[in-house]
Each structure stands twice: as C-alpha cells, then as structure tokens.
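One structure below.
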Amino acid sequence: MKTGLKKLTSALRIWVAAFALWVPVMATGETAEWEGKRSDFHGFALYDFSVDGIPCKVAVPATPAPGMPWVWRARFWGHKPNVDVALLKQGFHIAYADVSNLFGAPKAVARWDKLYDHLVTTQGFHPKPALEGMSRGGLIIYNWAARNPDKVSCIYGDAPVCDIKSWPGAKGKGKLGPWDRCMEAYGFTEEEAMAFRGNPIDNLGPLAQAGIPLLHVVGDSDEVVPVEENTAIVEKRYRDLGGKIQVIHKPGVKHVHGLDDPTPIVDFINNHTEL
C-alpha cells in the first residue's frame, strides 16, 4: 500500500512539474522546441533555423490559433508583409524555406517536402497550409501543390509566374530573366525547356480535383510577368476543369505586388483554412 502511494505521489509531482512548464508556453504562444536565431518580425518572434541544411524561417504568433493554421510563403521573405502580419495577429504561423535560384524545379519541391514534414510532424502544424507566392514564387507553390494536392488548403498567387517560357525565358512578351540558371535548375537544354509541360499552367488537374481554391492578384500592365501568358491561362484552364479561382485586377499597375488594403486576401485565406 505504501509503495503504491509513493508511486502515485511521484507521478503527481512529475505531472505538476510538467504542467508548470507547459502553462507559460501555451500562454505566450511560443513552443519550447523552436531552435535557431531569434529576431523580430513586425513585433512577432522570428526563428531562423535549418532542416537538413536548408535555411528556413518561421514567424510565430503571440497566441497560435486553434488547429495551428499557417501560411507558407514562397520567396521574397518580408516583401509586402501586410498579409502575413495581419494573419500573424489572427494566430497564423508564417513559414519559409529557401528555394532561391531553383524556379520550382524538383529540387525546390524536395526542399519544401522536408520543411513540411518537420513542421507538421514535429511542431504540430495543420496538415493543410495556405500557399502564398509572389512573382517567381508562383512556380514553387503550384509545382509543390500539384504533387501534394491533399496537403493544401488554398493558394494565393501575386503576379505569379506560371510558365517558365514567359519568365525568365522571355519566349513571349515577358521580360528576360536568369534563363540559363533556370534551365540549369531543371537540367534542361533550351529545346527541352521549350517542350516542358510541367509548368503550373500544365498541372492544374490535381488541384481542381482536390477542390483547392485559387486567388490571384495581378497588375494589368505587368510587363515582367504578363497576365495573358500566366494568370489568364491559369484562370481559363482552371475554370474549364471545374476549379474555383478569383482574380483581383489592378488596372494600370505593372509588376507591383499586394493590395493597400489586404482584407480581401486575408479573408480568402481565412475562409478556406480548414481547422
């Protein structure tokens, strides 16, 4: 009897000690597991760390929303951050993995796979993030989603590149970018790049089947990533496939990202976040 009482008392002490450590963590919305360099992102904690040698970032809300929703930002971390900041205030995490100079190629998709597994398995993030891609970020968000349609809640593309031939290839009306570097990332010759049918405009079927809603924000006078060679093609093909897509046009605007009032974008992500 005494032995049993001692075991129970010991177990209670362990539980109380664990609870004492757990309460402040939950109150502040931070987890004890975050490692790496901590800095500030518009008043929120930002952690820089690596997963299998891949530089990654996560901005942490003061109090995480139930279900641990998150936005996966592609490229250009910190550029036009009003959507990210608004969602951090609502309890979303914002994540980022460096895929610089990979143009959505399989190597970039593999990098995203590793961060996804880390955040969902280790940190308890929701299994269906919202994807956010500006300009060339459109390549990785769409290419990763096409291979993982069951792991995406919604997609927000902002002047997104949807065909490497348009940018950086400049094979139509788009501006020339680092075309040689892009071909190198894919392992293409010029002929192979031109014949490639694995661009976002080509891989919309899995997204439509999964019912993933899309939102694009575009400047109608964009000369870098022309709407007619990118978003307009995605819009028509996705609707033809039965998918849902909304396009917000900015008349007379060139390759400029975001909205002065991010509410339509924030509402879109909130409305399609599964908790």
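Naming works like this for the structure tokens: A, B, ... for the chains as they're shown, residue 1 at the start of each chain, ligands 1 onward in shown order.
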
Find the residues around A:Ala95 up to 6 Å (only C-alpha atoms counted), leave out those fewer than 2 positions away in its own chain, and share them as an MDAnalysis selection string.
-> chainID A and resid 57:58 72:73

From stretch 33-274 of chain A, collect each residue whose DSSP state is helix (DSSP H, G or I) and return the set as a compact mmCIF listing (two decimals) with N, CA, C and O atoms, in the first residue's frame.
```txt
# COMPACT_ATOMS: atom_id res chain seq x y z
N ASN A 82 2.06 42.93 -45.42
CA ASN A 82 0.83 43.25 -44.69
C ASN A 82 -0.12 42.06 -44.54
O ASN A 82 -0.83 41.94 -43.53
N VAL A 83 -0.15 41.15 -45.52
CA VAL A 83 -0.98 39.96 -45.38
C VAL A 83 -0.44 39.07 -44.27
O VAL A 83 -1.19 38.59 -43.41
N ASP A 84 0.86 38.85 -44.28
CA ASP A 84 1.48 37.99 -43.26
C ASP A 84 1.28 38.55 -41.86
O ASP A 84 0.96 37.81 -40.92
N VAL A 85 1.46 39.85 -41.71
CA VAL A 85 1.31 40.47 -40.39
C VAL A 85 -0.14 40.37 -39.91
O VAL A 85 -0.41 40.06 -38.74
N ALA A 86 -1.08 40.61 -40.82
CA ALA A 86 -2.50 40.52 -40.45
C ALA A 86 -2.85 39.11 -39.99
O ALA A 86 -3.60 38.93 -39.02
N LEU A 87 -2.31 38.11 -40.65
CA LEU A 87 -2.62 36.73 -40.27
C LEU A 87 -1.87 36.31 -39.01
O LEU A 87 -2.39 35.51 -38.21
N LEU A 88 -0.68 36.83 -38.79
CA LEU A 88 0.01 36.58 -37.52
C LEU A 88 -0.84 37.10 -36.35
O LEU A 88 -0.94 36.44 -35.31
N LYS A 89 -1.45 38.24 -36.54
CA LYS A 89 -2.30 38.80 -35.49
C LYS A 89 -3.51 37.92 -35.21
O LYS A 89 -4.08 37.96 -34.12
N PRO A 106 12.23 20.27 -59.40
CA PRO A 106 12.11 19.17 -58.41
C PRO A 106 12.97 19.35 -57.16
O PRO A 106 12.56 18.94 -56.07
N LYS A 107 14.14 19.97 -57.30
CA LYS A 107 14.97 20.21 -56.11
C LYS A 107 14.26 21.14 -55.12
O LYS A 107 14.39 20.97 -53.91
N ALA A 108 13.54 22.12 -55.64
CA ALA A 108 12.79 23.03 -54.77
C ALA A 108 11.65 22.30 -54.09
O ALA A 108 11.39 22.48 -52.89
N VAL A 109 10.95 21.46 -54.84
CA VAL A 109 9.85 20.69 -54.27
C VAL A 109 10.36 19.78 -53.15
O VAL A 109 9.72 19.65 -52.10
N ALA A 110 11.52 19.17 -53.35
CA ALA A 110 12.10 18.29 -52.33
C ALA A 110 12.43 19.08 -51.06
O ALA A 110 12.26 18.57 -49.95
N ARG A 111 12.91 20.31 -51.23
CA ARG A 111 13.19 21.14 -50.05
C ARG A 111 11.91 21.44 -49.28
O ARG A 111 11.88 21.39 -48.05
N TRP A 112 10.86 21.76 -50.01
CA TRP A 112 9.59 22.04 -49.35
C TRP A 112 9.06 20.80 -48.63
O TRP A 112 8.47 20.90 -47.56
N ASP A 113 9.24 19.64 -49.23
CA ASP A 113 8.80 18.40 -48.59
C ASP A 113 9.42 18.26 -47.20
O ASP A 113 8.75 17.87 -46.24
N LYS A 114 10.69 18.60 -47.10
CA LYS A 114 11.39 18.43 -45.82
C LYS A 114 10.88 19.39 -44.76
O LYS A 114 10.68 19.00 -43.60
N LEU A 115 10.65 20.65 -45.14
CA LEU A 115 10.12 21.59 -44.14
C LEU A 115 8.69 21.21 -43.75
O LEU A 115 8.33 21.29 -42.58
N TYR A 116 7.90 20.81 -44.73
CA TYR A 116 6.52 20.40 -44.43
C TYR A 116 6.52 19.27 -43.38
O TYR A 116 5.81 19.35 -42.38
N ASP A 117 7.32 18.24 -43.62
CA ASP A 117 7.36 17.11 -42.69
C ASP A 117 7.79 17.57 -41.30
O ASP A 117 7.24 17.13 -40.28
N HIS A 118 8.76 18.48 -41.26
CA HIS A 118 9.25 18.97 -39.97
C HIS A 118 8.16 19.73 -39.21
O HIS A 118 7.93 19.48 -38.03
N LEU A 119 7.49 20.64 -39.90
CA LEU A 119 6.51 21.48 -39.22
C LEU A 119 5.26 20.71 -38.81
O LEU A 119 4.71 20.92 -37.72
N VAL A 120 4.81 19.81 -39.66
CA VAL A 120 3.59 19.06 -39.34
C VAL A 120 3.87 17.97 -38.30
O VAL A 120 3.09 17.79 -37.37
N THR A 121 4.99 17.28 -38.46
CA THR A 121 5.29 16.16 -37.55
C THR A 121 5.86 16.62 -36.22
O THR A 121 5.43 16.16 -35.15
N THR A 122 6.79 17.56 -36.26
CA THR A 122 7.48 17.98 -35.03
C THR A 122 6.77 19.09 -34.29
O THR A 122 6.69 19.10 -33.06
N GLY A 137 7.78 33.04 -57.09
CA GLY A 137 7.24 32.16 -56.06
C GLY A 137 6.05 31.36 -56.55
O GLY A 137 5.71 30.32 -55.97
N GLY A 138 5.41 31.83 -57.62
CA GLY A 138 4.31 31.08 -58.19
C GLY A 138 4.73 29.71 -58.67
O GLY A 138 3.94 28.75 -58.64
N LEU A 139 5.96 29.58 -59.12
CA LEU A 139 6.44 28.29 -59.65
C LEU A 139 6.48 27.23 -58.55
O LEU A 139 6.01 26.11 -58.75
N ILE A 140 7.03 27.56 -57.39
CA ILE A 140 7.14 26.55 -56.35
C ILE A 140 5.79 26.26 -55.69
O ILE A 140 5.47 25.10 -55.41
N ILE A 141 4.95 27.27 -55.48
CA ILE A 141 3.68 26.96 -54.82
C ILE A 141 2.81 26.06 -55.69
O ILE A 141 2.18 25.11 -55.19
N TYR A 142 2.81 26.31 -56.99
CA TYR A 142 1.98 25.48 -57.87
C TYR A 142 2.61 24.10 -58.11
O TYR A 142 1.90 23.09 -58.14
N ASN A 143 3.91 24.06 -58.27
CA ASN A 143 4.55 22.77 -58.52
C ASN A 143 4.48 21.87 -57.29
O ASN A 143 4.30 20.65 -57.41
N TRP A 144 4.63 22.45 -56.09
CA TRP A 144 4.51 21.64 -54.88
C TRP A 144 3.06 21.19 -54.68
O TRP A 144 2.81 20.03 -54.33
N ALA A 145 2.13 22.09 -54.92
CA ALA A 145 0.71 21.75 -54.74
C ALA A 145 0.28 20.66 -55.71
O ALA A 145 -0.52 19.78 -55.35
N ALA A 146 0.79 20.70 -56.94
CA ALA A 146 0.40 19.69 -57.93
C ALA A 146 0.83 18.29 -57.49
O ALA A 146 0.18 17.30 -57.83
N ARG A 147 1.92 18.24 -56.73
CA ARG A 147 2.41 16.95 -56.24
C ARG A 147 1.85 16.61 -54.87
O ARG A 147 1.98 15.46 -54.42
N PRO A 149 -1.61 17.72 -53.61
CA PRO A 149 -2.90 18.41 -53.56
C PRO A 149 -3.71 18.16 -52.29
O PRO A 149 -4.55 18.97 -51.92
N ASP A 150 -3.40 17.06 -51.61
CA ASP A 150 -4.11 16.73 -50.37
C ASP A 150 -3.52 17.47 -49.17
O ASP A 150 -4.02 17.32 -48.05
N LYS A 151 -2.48 18.29 -49.40
CA LYS A 151 -1.80 18.98 -48.30
C LYS A 151 -1.91 20.50 -48.42
O LYS A 151 -1.12 21.23 -47.83
N TRP A 179 17.47 33.02 -67.39
CA TRP A 179 17.00 31.85 -68.13
C TRP A 179 18.00 30.69 -68.06
O TRP A 179 17.60 29.53 -67.86
N ASP A 180 19.28 30.98 -68.20
CA ASP A 180 20.29 29.92 -68.14
C ASP A 180 20.29 29.25 -66.77
O ASP A 180 20.41 28.02 -66.67
N ARG A 181 20.14 30.04 -65.72
CA ARG A 181 20.11 29.49 -64.37
C ARG A 181 18.87 28.63 -64.16
O ARG A 181 18.90 27.59 -63.49
N CYS A 182 17.76 29.07 -64.75
CA CYS A 182 16.53 28.29 -64.65
C CYS A 182 16.68 26.94 -65.35
O CYS A 182 16.32 25.89 -64.80
N MET A 183 17.23 26.95 -66.56
CA MET A 183 17.42 25.69 -67.29
C MET A 183 18.37 24.77 -66.53
O MET A 183 18.19 23.54 -66.50
N GLU A 184 19.38 25.37 -65.89
CA GLU A 184 20.32 24.57 -65.10
C GLU A 184 19.62 23.91 -63.92
O GLU A 184 19.89 22.75 -63.58
N ALA A 185 18.70 24.65 -63.27
CA ALA A 185 17.98 24.10 -62.12
C ALA A 185 17.16 22.87 -62.51
O ALA A 185 17.03 21.91 -61.74
N TYR A 186 16.60 22.90 -63.71
CA TYR A 186 15.80 21.78 -64.20
C TYR A 186 16.63 20.73 -64.92
O TYR A 186 16.15 19.62 -65.19
N GLU A 190 17.86 24.09 -74.02
CA GLU A 190 16.86 25.06 -74.50
C GLU A 190 15.67 24.34 -75.13
O GLU A 190 14.51 24.70 -74.88
N GLU A 191 15.93 23.32 -75.91
CA GLU A 191 14.86 22.59 -76.57
C GLU A 191 13.97 21.88 -75.56
O GLU A 191 12.73 21.87 -75.68
N GLU A 192 14.58 21.30 -74.54
CA GLU A 192 13.80 20.61 -73.51
C GLU A 192 12.96 21.59 -72.71
O GLU A 192 11.80 21.29 -72.34
N ALA A 193 13.50 22.75 -72.42
CA ALA A 193 12.75 23.77 -71.69
C ALA A 193 11.54 24.23 -72.47
O ALA A 193 10.45 24.43 -71.91
N MET A 194 11.70 24.40 -73.77
CA MET A 194 10.60 24.85 -74.60
C MET A 194 9.51 23.78 -74.73
O MET A 194 8.33 24.09 -74.89
N ALA A 195 9.90 22.52 -74.65
CA ALA A 195 8.94 21.42 -74.79
C ALA A 195 8.35 21.01 -73.44
O ALA A 195 7.42 20.18 -73.41
N PRO A 200 3.13 25.34 -64.00
CA PRO A 200 1.84 25.49 -63.33
C PRO A 200 0.64 25.51 -64.28
O PRO A 200 -0.41 24.93 -63.96
N ILE A 201 0.77 26.15 -65.43
CA ILE A 201 -0.35 26.19 -66.37
C ILE A 201 -0.71 24.79 -66.88
O ILE A 201 -1.84 24.57 -67.35
N ASP A 202 0.23 23.84 -66.78
CA ASP A 202 0.02 22.49 -67.30
C ASP A 202 -0.46 21.50 -66.24
O ASP A 202 -0.90 20.41 -66.57
N GLY A 205 -4.84 20.04 -63.10
CA GLY A 205 -5.81 18.97 -62.89
C GLY A 205 -5.88 18.46 -61.46
O GLY A 205 -6.98 18.39 -60.87
N PRO A 206 -4.74 18.11 -60.84
CA PRO A 206 -4.79 17.61 -59.46
C PRO A 206 -5.36 18.64 -58.47
O PRO A 206 -6.04 18.26 -57.51
N LEU A 207 -5.11 19.93 -58.72
CA LEU A 207 -5.62 20.97 -57.83
C LEU A 207 -7.14 21.09 -57.95
O LEU A 207 -7.84 21.21 -56.95
N ALA A 208 -7.63 21.05 -59.20
CA ALA A 208 -9.07 21.15 -59.41
C ALA A 208 -9.78 19.93 -58.82
O ALA A 208 -10.85 20.06 -58.21
N GLN A 209 -9.21 18.75 -58.99
CA GLN A 209 -9.80 17.54 -58.43
C GLN A 209 -9.87 17.60 -56.92
O GLN A 209 -10.84 17.12 -56.32
N ALA A 210 -8.86 18.22 -56.31
CA ALA A 210 -8.83 18.34 -54.85
C ALA A 210 -9.70 19.49 -54.34
O ALA A 210 -9.88 19.65 -53.13
N VAL A 227 0.06 39.15 -67.69
CA VAL A 227 -1.14 38.45 -67.25
C VAL A 227 -1.60 37.45 -68.31
O VAL A 227 -1.98 36.31 -68.00
N GLU A 228 -1.56 37.84 -69.56
CA GLU A 228 -2.09 36.99 -70.63
C GLU A 228 -1.31 35.70 -70.80
O GLU A 228 -1.86 34.70 -71.30
N GLU A 229 -0.04 35.67 -70.39
CA GLU A 229 0.78 34.47 -70.53
C GLU A 229 0.83 33.63 -69.26
O GLU A 229 1.39 32.52 -69.28
N THR A 231 -1.47 34.32 -65.53
CA THR A 231 -2.72 34.21 -64.79
C THR A 231 -3.93 33.96 -65.69
O THR A 231 -4.81 33.17 -65.35
N ALA A 232 -3.99 34.62 -66.85
CA ALA A 232 -5.15 34.45 -67.73
C ALA A 232 -5.28 33.01 -68.20
O ALA A 232 -6.40 32.48 -68.31
N ILE A 233 -4.15 32.36 -68.46
CA ILE A 233 -4.19 30.96 -68.88
C ILE A 233 -4.63 30.07 -67.72
O ILE A 233 -5.46 29.17 -67.89
N VAL A 234 -4.07 30.32 -66.53
CA VAL A 234 -4.48 29.55 -65.35
C VAL A 234 -5.98 29.72 -65.10
O VAL A 234 -6.69 28.74 -64.86
N GLU A 235 -6.45 30.95 -65.19
CA GLU A 235 -7.87 31.24 -64.92
C GLU A 235 -8.78 30.44 -65.85
O GLU A 235 -9.73 29.78 -65.41
N LYS A 236 -8.51 30.50 -67.15
CA LYS A 236 -9.37 29.80 -68.11
C LYS A 236 -9.30 28.29 -67.93
O LYS A 236 -10.34 27.60 -67.87
N ARG A 237 -8.09 27.76 -67.83
CA ARG A 237 -7.94 26.32 -67.71
C ARG A 237 -8.53 25.79 -66.41
O ARG A 237 -9.13 24.70 -66.38
N TYR A 238 -8.35 26.54 -65.33
CA TYR A 238 -8.86 26.06 -64.04
C TYR A 238 -10.39 26.05 -64.03
O TYR A 238 -11.00 25.11 -63.52
N ARG A 239 -10.98 27.08 -64.60
CA ARG A 239 -12.43 27.11 -64.68
C ARG A 239 -12.95 25.99 -65.58
O ARG A 239 -13.98 25.37 -65.29
N ASP A 240 -12.25 25.74 -66.68
CA ASP A 240 -12.64 24.65 -67.58
C ASP A 240 -12.58 23.29 -66.88
O ASP A 240 -13.34 22.37 -67.21
N THR A 263 -7.33 43.15 -46.85
CA THR A 263 -8.50 42.43 -46.35
C THR A 263 -9.01 41.34 -47.29
O THR A 263 -9.31 40.22 -46.84
N PRO A 264 -9.15 41.60 -48.62
CA PRO A 264 -9.66 40.53 -49.49
C PRO A 264 -8.78 39.28 -49.49
O PRO A 264 -9.29 38.16 -49.57
N ILE A 265 -7.46 39.47 -49.38
CA ILE A 265 -6.54 38.33 -49.36
C ILE A 265 -6.64 37.60 -48.02
O ILE A 265 -6.71 36.36 -47.97
N VAL A 266 -6.64 38.36 -46.94
CA VAL A 266 -6.74 37.78 -45.61
C VAL A 266 -8.05 37.02 -45.46
O VAL A 266 -8.08 35.89 -44.93
N ASP A 267 -9.14 37.60 -45.94
CA ASP A 267 -10.44 36.92 -45.86
C ASP A 267 -10.44 35.63 -46.67
O ASP A 267 -11.01 34.62 -46.24
N PHE A 268 -9.83 35.68 -47.85
CA PHE A 268 -9.75 34.48 -48.69
C PHE A 268 -9.06 33.35 -47.95
O PHE A 268 -9.54 32.21 -47.92
N ILE A 269 -7.91 33.64 -47.34
CA ILE A 269 -7.16 32.61 -46.62
C ILE A 269 -7.94 32.12 -45.41
O ILE A 269 -8.03 30.91 -45.14
N ASN A 270 -8.55 33.04 -44.67
CA ASN A 270 -9.36 32.65 -43.51
C ASN A 270 -10.53 31.78 -43.92
O ASN A 270 -10.83 30.76 -43.27
N ASN A 271 -11.21 32.15 -44.99
CA ASN A 271 -12.41 31.42 -45.40
C ASN A 271 -12.12 30.02 -45.89
O ASN A 271 -13.02 29.16 -45.91
```

Point-to-point distance in Å for atom CA of A:Met68 and atom CA of A:His257 |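 Spanning atom CA of A:His257 to atom CA of A:Met68 is a straight-line distance of 26.9 Å.
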
Apply DSSP to the structure's backbone, then extract all residues of stretch 32-91 of chain A labelled strand (DSSP E or B) and return them as a PyMOL selection string.
-> chain A and resi 37-41+44-51+54-60+70-74

All residues 12 Å or closer to A:Arg38, only C-alpha atoms, same chain fewer than 6 positions away omitted, as a ChimeraX atom specification | /A:30,44-49,57-60

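Going from atom CA of A:Trp167 over to atom CA of A:Lys80, you cover 21.2 Å.
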
Can you list every residue of stretch 81-195 of chain A that has an atom at most 12 Å from stretch 243-250 of chain A, with its nearest atom pair and the distance in Å to one decimal, using only C-alpha atoms, ordered by chain then number, as JSON lines?
```
{"residue": "A:Cys154", "atom": "CA", "partner": "A:Ile245", "partner_atom": "CA", "distance": 10.1}
{"residue": "A:Ile155", "atom": "CA", "partner": "A:Ile245", "partner_atom": "CA", "distance": 9.4}
{"residue": "A:Tyr156", "atom": "CA", "partner": "A:Gln246", "partner_atom": "CA", "distance": 9.6}
{"residue": "A:Gly157", "atom": "CA", "partner": "A:Val247", "partner_atom": "CA", "distance": 9.4}
{"residue": "A:Asp158", "atom": "CA", "partner": "A:Ile248", "partner_atom": "CA", "distance": 9.5}
{"residue": "A:Ala159", "atom": "CA", "partner": "A:His249", "partner_atom": "CA", "distance": 10.0}
{"residue": "A:Pro160", "atom": "CA", "partner": "A:Val247", "partner_atom": "CA", "distance": 11.6}
```
